[in-house]
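K.L.:
My questions will all concern the structure given below.
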Amino acid sequence: MATPQNTENTKLGKTAEQNYSGVRYGSDHGSIAFGHVHKDGATTSSVLLQAFDGRHHVSLDKSGERIGCTQITGPKRLSIQHGEDMKEAEDCIFINAVNGNIDIIASNGKLRLQGTDIELVAVGEGGSKGNVIVRASENFDVKATKVAIDAKSSYSIVTPGKAEIIANSQMVIYSSLIRGVTDACSKKDSKLGGKRLVQKYNRV
């Protein structure tokens, strides 16, 4: 039986979504609704699949502020498992944001990536795109059998504190020109212009 769906939207100060063809089927275990108007009155759902706990639902929104959005919420774990019949080299789970960003946020927990290999690829041009940026408020630890950095243009390692380079077996440093500068050049410049480098790099 079709029942009118209408919810006041005084919080947003806008006219609430409404329809007169909404249908709901359910029991004490859960329900499925077509044309459900959400509590805030701002969005109508084409299909709403809801469990016993109202926080546990899947909503396909059709109008209002979340037009075309798919909402999946739940009070506990979400598990996705696929690919038992696939080969290792095949793509199993595919997520594509045609336009816009992909945000993965663990508000109060760890974010883990695990696999036989992990690849990070940034594709873009012009300097403002094609970048990989890593920021850590505390420590950034890299532990591996071998670490290789191949920068086509330049690289820099900068710290206002202590820096150490240690090789217990052998160290090779090669360059067409090597310059060593200390803070002594801040008082008296060297023949190679060390004072300019002190002023450029001294961040203490």
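Chains: A, B, ... in order of the structure tokens. Residues: from 1 per chain. Ligands: from 1, in order shown.
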Show me, as a PDB file with N, CA and C atoms, in the first residue's frame, the residues that have an atom within 9 Å of range 131-143 of chain A when counting only C-alpha atoms, minus same-chain residues fewer than 3 positions from it.
P.N.:
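Resulting contents of out-v3.pdb:
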ATOM      1  N   LEU A 120      52.686   2.165  -5.816  1.00  0.00           N
ATOM      2  CA  LEU A 120      52.080   3.494  -5.762  1.00  0.00           C
ATOM      3  C   LEU A 120      52.455   4.218  -7.043  1.00  0.00           C
ATOM      4  N   VAL A 121      51.488   4.553  -7.855  1.00  0.00           N
ATOM      5  CA  VAL A 121      51.744   5.181  -9.149  1.00  0.00           C
ATOM      6  C   VAL A 121      50.947   6.476  -9.226  1.00  0.00           C
ATOM      7  N   ALA A 122      51.628   7.592  -9.432  1.00  0.00           N
ATOM      8  CA  ALA A 122      50.973   8.888  -9.609  1.00  0.00           C
ATOM      9  C   ALA A 122      51.141   9.305 -11.068  1.00  0.00           C
ATOM     10  N   VAL A 123      50.024   9.558 -11.740  1.00  0.00           N
ATOM     11  CA  VAL A 123      50.048   9.908 -13.162  1.00  0.00           C
ATOM     12  C   VAL A 123      49.572  11.346 -13.316  1.00  0.00           C
ATOM     13  N   GLY A 124      50.419  12.191 -13.879  1.00  0.00           N
ATOM     14  CA  GLY A 124      50.048  13.582 -14.085  1.00  0.00           C
ATOM     15  C   GLY A 124      51.211  14.353 -14.661  1.00  0.00           C
ATOM     16  N   GLY A 127      53.829  19.475 -13.019  1.00  0.00           N
ATOM     17  CA  GLY A 127      54.351  19.806 -11.701  1.00  0.00           C
ATOM     18  C   GLY A 127      53.305  19.760 -10.608  1.00  0.00           C
ATOM     19  N   SER A 128      52.067  20.186 -10.887  1.00  0.00           N
ATOM     20  CA  SER A 128      51.013  20.162  -9.870  1.00  0.00           C
ATOM     21  C   SER A 128      50.356  18.794  -9.761  1.00  0.00           C
ATOM     22  N   LYS A 146      66.811  -3.774   0.551  1.00  0.00           N
ATOM     23  CA  LYS A 146      67.485  -2.840  -0.350  1.00  0.00           C
ATOM     24  C   LYS A 146      66.570  -1.656  -0.594  1.00  0.00           C
ATOM     25  N   VAL A 147      67.126  -0.445  -0.535  1.00  0.00           N
ATOM     26  CA  VAL A 147      66.367   0.776  -0.808  1.00  0.00           C
ATOM     27  C   VAL A 147      67.073   1.524  -1.928  1.00  0.00           C
TER      28      VAL A 147
END
K.L.:
Give the alpha helix (DSSP H) residues of chain A, as assigned by DSSP on the backbone, as a PyMOL selection string.
P.N.:
chain A and resi 194-201
K.L.:
Could you state the separation of CA of Val98 in chain A and CA of Ala42 in chain A in Å, given to one decimal place?
P.N.:
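CA of Val98 in chain A sits 25.6 Å away from CA of Ala42 in chain A.
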K.L.:
Go ahead and compute the interatomic distance for CA of Ser45 in chain A and CA of Ile104 in chain A, in Å to one decimal.
P.N.:
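Straight-line distance from CA of Ser45 in chain A to CA of Ile104 in chain A works out to 24.6 Å.
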